[in-house]
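S.K.: The file below is work05.tsv, TSV, C-alpha atoms and all ligand atoms:
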```tsv
chain	number	residue	atom	x	y	z
A	8	MET	CA	32.37	-47.17	-16.20
A	9	GLY	CA	30.46	-48.93	-18.92
A	10	ASN	CA	27.11	-47.86	-17.53
A	11	ILE	CA	24.46	-45.97	-19.42
A	12	ILE	CA	21.66	-44.75	-17.22
A	13	LEU	CA	18.20	-43.75	-18.39
A	14	THR	CA	15.00	-42.84	-16.58
A	15	GLY	CA	11.95	-40.78	-17.23
A	16	ASP	CA	8.75	-39.33	-15.86
A	17	ARG	CA	5.42	-38.47	-17.40
A	18	PRO	CA	4.80	-34.73	-17.29
A	19	THR	CA	1.25	-34.84	-15.97
A	20	GLY	CA	1.95	-32.86	-12.80
A	21	ARG	CA	4.68	-31.60	-10.55
A	22	LEU	CA	6.84	-34.32	-9.01
A	23	HIS	CA	6.19	-35.39	-5.43
A	24	LEU	CA	7.98	-37.09	-2.57
A	25	GLY	CA	7.01	-40.49	-3.99
A	26	HIS	CA	8.95	-39.72	-7.16
A	27	TYR	CA	11.84	-38.47	-5.07
A	28	ALA	CA	12.04	-41.52	-2.80
A	29	GLY	CA	11.30	-43.99	-5.59
A	30	ALA	CA	13.72	-42.90	-8.27
A	31	LEU	CA	14.81	-39.28	-8.34
A	32	LYS	CA	17.06	-39.49	-5.30
A	33	ARG	CA	18.79	-42.56	-6.67
A	34	ARG	CA	19.29	-40.92	-10.02
A	35	VAL	CA	21.07	-37.95	-8.51
A	36	GLU	CA	23.22	-40.23	-6.35
A	37	LEU	CA	24.20	-42.27	-9.41
A	38	GLN	CA	24.90	-39.09	-11.33
A	39	ASN	CA	27.14	-37.71	-8.62
A	40	ALA	CA	28.94	-41.00	-8.00
A	41	GLY	CA	30.18	-40.56	-11.54
A	42	ASN	CA	30.69	-44.20	-12.55
A	43	TYR	CA	28.73	-44.09	-15.76
A	44	ASP	CA	29.37	-43.18	-19.37
A	45	ALA	CA	26.16	-41.32	-19.97
A	46	MET	CA	23.03	-40.45	-18.08
A	47	TYR	CA	19.72	-39.55	-19.72
A	48	VAL	CA	16.68	-38.16	-18.00
A	49	MET	CA	13.61	-38.12	-20.19
A	50	ILE	CA	10.40	-36.13	-19.90
A	51	ALA	CA	7.96	-38.68	-21.30
A	52	ASP	CA	5.45	-36.33	-22.91
A	53	ALA	CA	4.51	-38.76	-25.69
A	54	GLN	CA	3.80	-41.45	-23.10
A	55	ALA	CA	1.77	-38.94	-21.06
A	56	LEU	CA	-0.36	-38.29	-24.15
A	57	THR	CA	-1.28	-41.98	-24.41
A	58	ASP	CA	-3.88	-41.39	-21.71
A	59	ASN	CA	-4.26	-37.64	-22.07
A	60	ALA	CA	-5.00	-37.31	-25.77
A	61	GLU	CA	-7.80	-34.87	-25.04
A	62	ASN	CA	-5.72	-32.79	-22.73
A	63	PRO	CA	-2.42	-31.95	-24.38
A	64	GLU	CA	-2.37	-28.62	-22.58
A	65	LYS	CA	-1.81	-30.43	-19.28
A	66	VAL	CA	1.25	-32.13	-20.72
A	67	ARG	CA	2.46	-28.92	-22.34
A	68	GLN	CA	2.23	-27.01	-19.05
A	69	ASN	CA	3.97	-29.66	-16.99
A	70	ILE	CA	7.11	-30.12	-19.06
A	71	VAL	CA	8.78	-27.13	-17.48
A	72	GLU	CA	7.45	-28.11	-14.03
A	73	VAL	CA	9.07	-31.52	-14.22
A	74	CYS	CA	12.28	-30.04	-15.57
A	75	LEU	CA	12.37	-27.55	-12.69
A	76	ASP	CA	11.83	-30.43	-10.27
A	77	TYR	CA	14.74	-32.34	-11.84
A	78	LEU	CA	17.08	-29.38	-11.73
A	79	SER	CA	16.14	-28.47	-8.18
A	80	CYS	CA	16.80	-32.04	-6.99
A	81	GLY	CA	20.28	-31.90	-8.42
A	82	VAL	CA	20.00	-33.37	-11.90
A	83	ASP	CA	22.88	-31.48	-13.45
A	84	PRO	CA	22.69	-30.67	-17.16
A	85	GLU	CA	26.50	-30.66	-17.26
A	86	LYS	CA	26.50	-34.33	-16.27
A	87	SER	CA	23.13	-35.59	-17.52
A	88	THR	CA	21.16	-35.12	-20.70
A	89	ILE	CA	17.64	-33.94	-19.91
A	90	PHE	CA	15.38	-34.25	-22.94
A	91	ILE	CA	11.79	-34.37	-24.18
A	92	GLN	CA	10.58	-37.68	-25.60
A	93	SER	CA	8.52	-36.25	-28.46
A	94	GLN	CA	11.55	-34.39	-29.79
A	95	VAL	CA	13.36	-37.65	-30.52
A	96	PRO	CA	11.64	-39.07	-33.62
A	97	ALA	CA	13.79	-42.22	-33.73
A	98	LEU	CA	11.85	-43.46	-30.68
A	99	CYS	CA	8.65	-43.77	-32.75
A	100	GLU	CA	10.41	-45.66	-35.49
A	101	LEU	CA	11.99	-48.09	-33.06
A	102	SER	CA	8.61	-48.67	-31.41
A	103	PHE	CA	7.10	-49.47	-34.78
A	104	TYR	CA	9.57	-52.29	-35.41
A	105	TYR	CA	9.44	-53.59	-31.84
A	106	MET	CA	5.67	-53.90	-32.14
A	107	ASN	CA	6.21	-56.91	-34.39
A	108	LEU	CA	8.11	-58.68	-31.64
A	109	VAL	CA	5.39	-58.46	-28.98
A	110	THR	CA	2.04	-60.23	-28.88
A	111	VAL	CA	-1.26	-58.73	-27.81
A	112	SER	CA	-1.60	-61.34	-25.08
A	113	ARG	CA	1.83	-60.44	-23.73
A	114	LEU	CA	0.76	-56.80	-23.41
A	115	GLN	CA	-2.49	-57.87	-21.77
A	116	ARG	CA	-0.53	-59.68	-19.08
A	117	ASN	CA	1.50	-56.61	-18.10
A	118	PRO	CA	0.47	-56.02	-14.46
A	119	THR	CA	1.24	-52.30	-14.50
A	120	VAL	CA	-0.87	-51.70	-17.59
A	121	LYS	CA	-3.66	-53.91	-16.19
A	122	ASN	CA	-3.71	-51.89	-13.03
A	123	GLU	CA	-3.63	-48.57	-14.86
A	124	ILE	CA	-6.55	-49.64	-17.06
A	125	ILE	CA	-8.59	-50.24	-13.92
A	126	MET	CA	-7.50	-46.97	-12.30
A	127	ARG	CA	-8.42	-44.99	-15.43
A	128	ASN	CA	-11.76	-46.79	-15.97
A	129	PHE	CA	-10.69	-47.56	-19.54
A	130	GLU	CA	-12.20	-51.05	-19.56
A	131	THR	CA	-13.19	-51.64	-23.20
A	132	SER	CA	-12.13	-48.25	-24.50
A	133	ILE	CA	-8.39	-48.57	-24.06
A	134	PRO	CA	-6.51	-46.31	-26.48
A	135	VAL	CA	-4.17	-48.41	-28.64
A	136	GLY	CA	-1.30	-46.05	-27.87
A	137	PHE	CA	-1.82	-46.54	-24.16
A	138	PHE	CA	-2.06	-50.30	-24.50
A	139	THR	CA	1.25	-50.39	-26.34
A	140	TYR	CA	3.18	-47.92	-24.21
A	141	PRO	CA	5.38	-50.68	-22.74
A	142	ILE	CA	6.74	-51.10	-26.27
A	143	SER	CA	7.41	-47.42	-26.66
A	144	GLN	CA	9.05	-47.41	-23.24
A	145	SER	CA	11.29	-50.23	-24.43
A	146	ALA	CA	12.29	-47.98	-27.32
A	147	ASP	CA	13.11	-45.18	-24.85
A	148	ILE	CA	15.45	-47.46	-22.98
A	149	THR	CA	17.08	-49.34	-25.83
A	150	ALA	CA	17.59	-46.29	-28.07
A	151	PHE	CA	20.24	-45.18	-25.62
A	152	LYS	CA	21.59	-48.69	-24.98
A	153	ALA	CA	20.83	-48.03	-21.33
A	154	ASN	CA	21.79	-50.90	-19.05
A	155	VAL	CA	20.83	-49.20	-15.77
A	156	VAL	CA	17.27	-47.96	-15.25
A	157	PRO	CA	16.59	-46.58	-11.76
A	158	VAL	CA	12.84	-46.86	-11.22
A	159	GLY	CA	10.19	-47.53	-8.62
A	160	GLU	CA	8.85	-51.03	-8.12
A	161	ASP	CA	5.78	-50.38	-10.30
A	162	GLN	CA	8.02	-50.08	-13.35
A	163	LEU	CA	9.51	-53.58	-13.09
A	164	PRO	CA	7.11	-55.07	-15.66
A	165	MET	CA	8.20	-52.35	-18.11
A	166	ILE	CA	11.84	-53.25	-17.75
A	167	GLU	CA	10.98	-56.93	-18.13
A	168	GLN	CA	9.14	-56.11	-21.37
A	169	ALA	CA	12.19	-54.23	-22.64
A	170	ARG	CA	14.46	-57.15	-21.79
A	171	GLU	CA	12.21	-59.54	-23.71
A	172	ILE	CA	12.20	-57.28	-26.76
A	173	VAL	CA	15.99	-57.02	-26.65
A	174	ARG	CA	16.41	-60.80	-26.42
A	175	LYS	CA	13.94	-61.39	-29.22
A	176	PHE	CA	15.45	-58.71	-31.44
A	177	ASN	CA	18.99	-59.96	-30.93
A	178	ALA	CA	17.93	-63.55	-31.53
A	179	VAL	CA	16.12	-62.74	-34.78
A	180	TYR	CA	18.35	-60.04	-36.26
A	181	GLY	CA	21.70	-60.51	-34.52
A	182	GLU	CA	23.31	-58.94	-31.46
A	183	THR	CA	22.38	-55.24	-31.61
A	184	LEU	CA	20.55	-54.07	-28.49
A	185	VAL	CA	21.52	-54.03	-24.81
A	186	GLU	CA	19.42	-55.71	-22.09
A	187	PRO	CA	18.56	-53.18	-19.38
A	188	GLU	CA	18.41	-53.78	-15.69
A	189	ALA	CA	16.11	-52.07	-13.19
A	190	VAL	CA	17.73	-50.49	-10.17
A	191	LEU	CA	15.33	-50.21	-7.25
A	192	PRO	CA	15.68	-47.94	-4.23
A	193	THR	CA	17.95	-49.48	-1.60
A	194	ASN	CA	15.49	-48.58	1.14
A	195	LYS	CA	12.38	-50.79	1.29
A	196	ALA	CA	10.07	-48.05	2.54
A	197	SER	CA	10.93	-46.02	-0.56
A	198	PHE	CA	9.69	-48.66	-2.98
A	199	ARG	CA	6.23	-47.25	-3.08
A	200	LEU	CA	5.57	-44.36	-0.80
A	201	PRO	CA	1.91	-44.29	0.28
A	202	GLY	CA	-0.20	-41.15	0.09
A	203	THR	CA	-0.52	-38.95	3.19
A	204	ASP	CA	-4.00	-40.49	3.67
A	205	GLY	CA	-2.63	-44.04	3.87
A	206	LYS	CA	-3.81	-45.01	0.38
A	207	ALA	CA	-1.39	-47.22	-1.54
A	208	LYS	CA	0.08	-44.55	-3.76
A	209	MET	CA	0.58	-40.81	-3.96
A	210	SER	CA	-1.66	-39.61	-6.72
A	211	LYS	CA	-2.66	-36.17	-7.81
A	212	SER	CA	-6.29	-37.13	-8.28
A	213	LEU	CA	-6.50	-38.42	-4.70
A	214	GLY	CA	-4.99	-35.18	-3.36
A	215	ASN	CA	-2.64	-37.10	-1.07
A	216	CYS	CA	0.73	-35.91	-2.37
A	217	ILE	CA	3.48	-33.83	-0.89
A	218	TYR	CA	5.02	-32.01	-3.85
A	219	LEU	CA	8.70	-31.17	-4.04
A	220	SER	CA	7.67	-27.59	-4.79
A	221	ASP	CA	5.11	-27.26	-1.95
A	222	SER	CA	5.68	-24.36	0.44
A	223	ALA	CA	7.00	-25.16	3.92
A	224	ASP	CA	3.57	-24.32	5.36
A	225	ASP	CA	1.76	-26.66	2.97
A	226	VAL	CA	4.16	-29.49	3.75
A	227	LYS	CA	3.67	-28.97	7.45
A	228	ALA	CA	-0.13	-28.92	7.14
A	229	LYS	CA	-0.07	-32.14	5.11
A	230	ILE	CA	2.18	-33.90	7.60
A	231	MET	CA	0.13	-32.76	10.58
A	232	SER	CA	-3.01	-34.26	9.07
A	233	MET	CA	-1.36	-37.51	8.05
A	234	TYR	CA	-2.97	-40.89	8.57
A	235	THR	CA	-1.50	-42.73	11.58
A	236	ASP	CA	-3.00	-45.52	13.66
A	237	PRO	CA	-6.76	-44.88	14.04
A	238	ASP	CA	-6.81	-46.86	17.31
A	239	HIS	CA	-4.03	-44.83	18.87
A	240	ILE	CA	-6.31	-42.36	20.61
A	241	LYS	CA	-4.62	-41.45	23.87
A	242	VAL	CA	-0.86	-40.90	24.04
A	243	THR	CA	-0.63	-43.77	26.53
A	244	ASP	CA	-2.35	-46.23	24.16
A	245	PRO	CA	-0.06	-48.76	22.49
A	246	GLY	CA	0.26	-47.84	18.81
A	247	LYS	CA	0.64	-49.73	15.55
A	248	VAL	CA	3.60	-49.04	13.30
A	249	GLU	CA	2.51	-51.09	10.34
A	250	GLY	CA	0.32	-49.15	7.93
A	251	ASN	CA	1.09	-46.00	9.91
A	252	VAL	CA	2.08	-43.52	7.23
A	253	VAL	CA	4.21	-41.39	9.54
A	254	PHE	CA	6.41	-44.39	10.26
A	255	THR	CA	6.56	-45.39	6.59
A	256	TYR	CA	7.79	-41.90	5.73
A	257	LEU	CA	10.27	-41.88	8.61
A	258	ASP	CA	11.57	-45.26	7.44
A	259	ALA	CA	12.02	-43.79	3.98
A	260	PHE	CA	13.65	-40.51	4.97
A	261	ALA	CA	14.96	-40.31	8.55
A	262	ASP	CA	18.59	-41.16	9.12
A	263	GLU	CA	20.86	-40.98	12.15
A	264	SER	CA	21.72	-37.35	11.56
A	265	HIS	CA	18.04	-36.44	11.70
A	266	PHE	CA	17.71	-38.19	15.07
A	267	LYS	CA	20.73	-36.31	16.40
A	268	ALA	CA	19.40	-32.99	15.15
A	269	PHE	CA	15.66	-33.27	15.86
A	270	MET	CA	14.95	-36.28	18.10
A	271	PRO	CA	18.00	-36.77	20.34
A	272	ASP	CA	16.10	-38.84	22.95
A	273	TYR	CA	16.08	-41.75	20.50
A	274	ALA	CA	19.06	-43.20	18.64
A	275	ASN	CA	17.18	-44.68	15.72
A	276	MET	CA	13.90	-45.92	14.26
A	277	ASP	CA	13.92	-49.13	16.30
A	278	GLU	CA	13.86	-47.23	19.57
A	279	LEU	CA	11.21	-44.87	18.31
A	280	LYS	CA	8.99	-47.72	17.10
A	281	ALA	CA	9.43	-49.67	20.34
A	282	HIS	CA	8.23	-46.70	22.37
A	283	TYR	CA	5.24	-46.12	20.10
A	284	MET	CA	4.19	-49.76	20.31
A	285	ARG	CA	4.56	-49.74	24.11
A	286	GLY	CA	2.44	-46.63	24.40
A	287	GLY	CA	3.40	-43.21	25.68
A	288	LEU	CA	4.58	-41.63	22.45
A	289	GLY	CA	2.13	-39.20	20.88
A	290	ASP	CA	1.36	-38.75	17.19
A	291	MET	CA	2.01	-35.01	17.42
A	292	LYS	CA	5.58	-35.54	18.55
A	293	LEU	CA	6.16	-38.00	15.71
A	294	LYS	CA	4.63	-35.71	13.14
A	295	ARG	CA	6.72	-32.78	14.32
A	296	PHE	CA	9.81	-34.95	13.90
A	297	LEU	CA	8.75	-36.06	10.42
A	298	ASN	CA	8.09	-32.43	9.52
A	299	GLU	CA	11.65	-31.48	10.53
A	300	VAL	CA	13.06	-34.37	8.52
A	301	VAL	CA	11.04	-33.65	5.38
A	302	GLN	CA	11.62	-29.90	5.58
A	303	SER	CA	15.37	-30.46	5.88
A	304	ILE	CA	15.24	-32.46	2.66
A	305	LEU	CA	12.88	-30.16	0.77
A	306	GLU	CA	14.27	-26.78	1.81
A	307	PRO	CA	17.42	-26.95	-0.37
A	308	ILE	CA	15.31	-28.29	-3.24
A	309	ARG	CA	12.87	-25.40	-2.85
A	310	LEU	CA	15.66	-22.81	-2.81
A	311	LYS	CA	17.28	-24.23	-5.91
A	312	ARG	CA	13.94	-24.27	-7.70
A	313	LYS	CA	13.45	-20.57	-6.94
A	314	GLU	CA	16.74	-19.82	-8.68
A	315	TYR	CA	15.81	-21.72	-11.84
A	316	GLU	CA	12.29	-20.24	-11.82
A	317	ARG	CA	13.90	-16.82	-12.33
A	318	ASP	CA	15.34	-17.90	-15.68
A	319	ILE	CA	12.73	-19.97	-17.52
A	320	PRO	CA	14.27	-19.41	-20.97
A	321	ALA	CA	17.45	-21.06	-19.69
A	322	VAL	CA	15.41	-24.07	-18.59
A	323	TYR	CA	13.93	-24.43	-22.09
A	324	GLU	CA	17.41	-24.05	-23.54
A	325	ILE	CA	18.63	-26.97	-21.39
A	326	LEU	CA	15.73	-29.04	-22.75
A	327	ARG	CA	16.40	-27.99	-26.34
A	328	GLU	CA	20.09	-28.83	-26.21
A	329	GLY	CA	19.40	-32.09	-24.38
A	330	SER	CA	16.79	-33.11	-26.95
A	331	ILE	CA	19.19	-32.48	-29.85
A	332	ALA	CA	21.94	-34.51	-28.17
A	333	ALA	CA	19.54	-37.35	-27.30
A	334	SER	CA	18.15	-37.41	-30.82
A	335	GLU	CA	21.60	-37.94	-32.29
A	336	VAL	CA	22.23	-40.96	-30.05
A	337	ALA	CA	18.81	-42.49	-30.71
A	338	GLU	CA	19.19	-41.96	-34.48
A	339	LYS	CA	22.46	-43.87	-34.42
A	340	THR	CA	20.80	-46.83	-32.68
A	341	LEU	CA	17.93	-46.69	-35.17
A	342	GLN	CA	20.42	-46.98	-38.04
A	343	GLU	CA	21.99	-50.01	-36.34
A	344	VAL	CA	18.55	-51.54	-35.91
A	345	LYS	CA	17.65	-51.00	-39.55
A	346	ASN	CA	21.00	-52.38	-40.56
A	347	ALA	CA	20.45	-55.50	-38.45
A	348	MET	CA	16.98	-55.91	-39.96
A	349	ARG	CA	18.44	-55.33	-43.40
A	350	ILE	CA	16.02	-52.58	-44.24
A	351	ASP	CA	18.77	-50.08	-44.94
A	352	TYR	CA	18.35	-50.66	-48.69
A	353	PHE	CA	20.31	-47.72	-50.00
A	354	LYS	CA	23.43	-48.58	-48.02
A	355	ASP	CA	23.19	-52.24	-48.94
A	356	GLU	CA	25.50	-52.75	-51.92
A	357	GLN	CA	25.13	-56.51	-51.59
A	358	LEU	CA	21.42	-56.22	-52.22
A	359	ILE	CA	21.88	-54.22	-55.41
A	360	LYS	CA	24.46	-56.73	-56.68
A	361	GLU	CA	22.09	-59.60	-55.95
A	362	GLN	CA	19.29	-57.95	-57.87
A	363	ILE	CA	21.57	-57.16	-60.84
A	364	LYS	CA	22.55	-60.82	-60.96
A	365	LYS	CA	18.97	-61.98	-60.75
A	366	TYR	CA	18.06	-60.04	-63.88
A	367	GLU	CA	21.30	-60.56	-65.82
A	368	ASN	CA	20.39	-64.02	-67.07
A	369	LYS	CA	16.86	-63.17	-68.05
B	401	LIG	N1	6.52	-45.12	-17.26
B	401	LIG	C1	7.32	-44.24	-16.49
B	401	LIG	C2	6.44	-43.65	-15.38
B	401	LIG	O1	5.24	-43.65	-15.53
B	401	LIG	C3	7.94	-43.11	-17.28
B	401	LIG	C4	8.89	-43.58	-18.33
B	401	LIG	C5	8.76	-43.44	-19.69
B	401	LIG	C6	10.15	-44.24	-18.11
B	401	LIG	N2	9.83	-43.97	-20.32
B	401	LIG	C7	10.71	-44.46	-19.41
B	401	LIG	C8	10.85	-44.66	-16.98
B	401	LIG	C9	11.90	-45.11	-19.56
B	401	LIG	C10	12.05	-45.31	-17.15
B	401	LIG	C11	12.59	-45.54	-18.43
B	401	LIG	O2	6.95	-43.17	-14.41
```
Just give me the structure of the file as structure tokens.
Ligand code: TRP
M.R.:
Amino acid sequence: MGNIILTGDRPTGRLHLGHYAGALKRRVELQNAGNYDAMYVMIADAQALTDNAENPEKVRQNIVEVCLDYLSCGVDPEKSTIFIQSQVPALCELSFYYMNLVTVSRLQRNPTVKNEIIMRNFETSIPVGFFTYPISQSADITAFKANVVPVGEDQLPMIEQAREIVRKFNAVYGETLVEPEAVLPTNKASFRLPGTDGKAKMSKSLGNCIYLSDSADDVKAKIMSMYTDPDHIKVTDPGKVEGNVVFTYLDAFADESHFKAFMPDYANMDELKAHYMRGGLGDMKLKRFLNEVVQSILEPIRLKRKEYERDIPAVYEILREGSIAASEVAEKTLQEVKNAMRIDYFKDEQLIKEQIKKYENK
């Protein structure tokens, strides 16, 4: 107990296996383990708009997609509050005050933002809102006094930024906010799942993603065309495991039960890798195994999604109720923040007394 968990995703597309391995799976495990006081899962539409200002329709369309992905992976609205960022106005107000605690050069050093600026070709035309999104993300986290933030490795600089803001705020205005901690996946291969083409990251624009909502046939086709070891031409050739996407995915997803069910000739990954490196183990056999493993994970998710897809109004109702509940919590923190900053003038009887006194002797 004593834990408040918060995470979020930008609704710019359906969620993929990278999201699942990197954070979603952990979230659901934490939720079901039950040792927390509250769990919030946020659809970060306002953050998505920081680099999609001209395309709000994309964000609008993907809110329900992301929510369906959450629900189908086991985020349970009875246990977790799923909400939409833009429906919680206190987050903007908090960001506005936090902005005074962060320097431009500090934002410029943020490695995630740096990298994203390059990827988006922003160069000199960086939208201010995008540049400052680490501050708004700090508001997302601190508004709920979250101390546990399960994220992928790429989000570590964001959590660090939030921690700095909390320390600075508490030092200047008095102990008010809670320092969050990132919780990374326990499995190294899940830190950052590469795309099916071997590129560093799954990304919609590169077309190298396996989506949680892909059909079984699509998943199979994507796995069968996955990047392996380009020098492993004949089955008898010795193969490389490092940089071989099929092995990275197996490391991320295959456990002992999968070996028992689909690959009983090998006990575990070590044996499988040893054989591949020796030569004599073909890519097709590996890919068929990976397909079984991934399908066994995605099939229940797919079925659950189908159920929710049949009642879209209920999905929006979950989001509406979650947003109202989240807004109440964030508003309470905002009042504490304003109180600590002493900008809650109308509740500040001391202030009025001081001013009366000042003018009494005039
Ligand atoms: N930046 C995160 C991403 O791109 C999304 C996000 C927004 C988030 N606010 C958050 C994640 C708060 C964790 C906590 O995936």
S.K.: Give me the residues near Glu314 (chain A) as a ChimeraX atom specification, where near means some atom within 10 Å (using only C-alpha atoms) and where sequence neighbours in that chain fewer than 4 positions away do not count.
M.R.: /A:75,79,309-310,318-319
S.K.: Considering only C-alpha atoms, return as number ranges by chain whatever protein or nucleic-acid residues lie within 9 Å of Thr203 (chain A), sequence-local ones (same chain, fewer than 6 positions apart) excluded.
M.R.: A: 209, 214-217, 229-230, 232-234, 252-253
S.K.: Just checking: using only C-alpha atoms, which residue out of A:Ala28, A:Ala337, A:Ala274, A:Ile350 ends up closest to Cys80 (chain A)?
M.R.: A:Ala28
S.K.: Between CA of Val336 (chain A) and CA of Val95 (chain A), what is the distance, to one decimal in Å?
M.R.: 9.5 Å
S.K.: Under the rule that only C-alpha atoms are counted, which of A:Asn69, A:Ile91, A:Asn107, A:Leu213 is the nearest residue to Val179 (chain A)?
M.R.: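 Of A:Asn69, A:Ile91, A:Asn107, A:Leu213, the one nearest Val179 (chain A), counting only C-alpha atoms, is A:Asn107.
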S.K.: Counting all atoms listed in the file, what are the residues, protein, DNA or RNA alike, that approach ligand LIG 401 (chain B) to within 8 Å? I want them as a compact mmCIF listing (two decimals) with C-alpha atoms, in the frame of the given file.
M.R.:
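Contents of the output file pocket32.txt:
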```
# COMPACT_ATOMS: atom_id res chain seq x y z
CA LEU A 13 18.20 -43.75 -18.39
CA THR A 14 15.00 -42.84 -16.58
CA GLY A 15 11.95 -40.78 -17.23
CA ASP A 16 8.75 -39.33 -15.86
CA ARG A 17 5.42 -38.47 -17.40
CA MET A 49 13.61 -38.12 -20.19
CA ILE A 50 10.40 -36.13 -19.90
CA ALA A 51 7.96 -38.68 -21.30
CA GLN A 54 3.80 -41.45 -23.10
CA PRO A 141 5.38 -50.68 -22.74
CA SER A 143 7.41 -47.42 -26.66
CA GLN A 144 9.05 -47.41 -23.24
CA SER A 145 11.29 -50.23 -24.43
CA ASP A 147 13.11 -45.18 -24.85
CA ILE A 148 15.45 -47.46 -22.98
CA VAL A 156 17.27 -47.96 -15.25
CA PRO A 157 16.59 -46.58 -11.76
CA VAL A 158 12.84 -46.86 -11.22
CA GLY A 159 10.19 -47.53 -8.62
CA GLN A 162 8.02 -50.08 -13.35
CA MET A 165 8.20 -52.35 -18.11
CA ILE A 166 11.84 -53.25 -17.75
```
S.K.: Between A:Gln357, A:Leu22, A:Tyr47, A:Phe138, which one has atoms that come closest to Glu85 (chain A), using all atoms listed in the file?
M.R.: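 Answer, going by the shortest atom-to-atom distance: A:Tyr47.
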S.K.: Tell me, in Å to one decimal, how far CA of Leu98 (chain A) is from CA of Asp58 (chain A).
M.R.: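 Going from CA of Leu98 (chain A) over to CA of Asp58 (chain A), I get 18.2 Å.
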S.K.: Dump as a PyMOL selection string all residues having an atom at most 10 Å from (-2.2, -37.0, 17.8), computed in the file's coordinates with only C-alpha atoms.
M.R.: chain A and resi 231-233+235-237+239-242+288-294
S.K.: Which centre and which edge lengths, in Å to one decimal, describe the axis-aligned box that holds all listed atoms of region 106-121 of chain A after 4 Å is added on each side, as AutoDock Vina command-line options?
M.R.:
```
--center_x 2.2 --center_y -56.5 --center_z -24.4 --size_x 19.8 --size_y 17.6 --size_z 27.9
```
S.K.: Hey, which of A:Ser93, A:Thr183, A:Asn194, A:Asn59 ends up closest to Asn346 (chain A)? Count all atoms listed in the file.
M.R.: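 Closest residue, counting all atoms listed in the file: A:Thr183.
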S.K.: Between CA of Thr131 (chain A) and CA of Leu56 (chain A), what distance in Å does the model show, to one decimal?
M.R.: 18.5 Å
S.K.: Using only C-alpha atoms, which of A:Asn10, A:Asn128, A:Ser212, A:Ser220 sits nearest Leu24 (chain A)?
M.R.: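 Closest residue, counting only C-alpha atoms: A:Ser220.
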S.K.: Between A:Ala153, A:Asp225, A:Phe176, A:Val71, single out the one closest to Val190 (chain A), counting only C-alpha atoms.
M.R.: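 Of A:Ala153, A:Asp225, A:Phe176, A:Val71, the one nearest Val190 (chain A), counting only C-alpha atoms, is A:Ala153.
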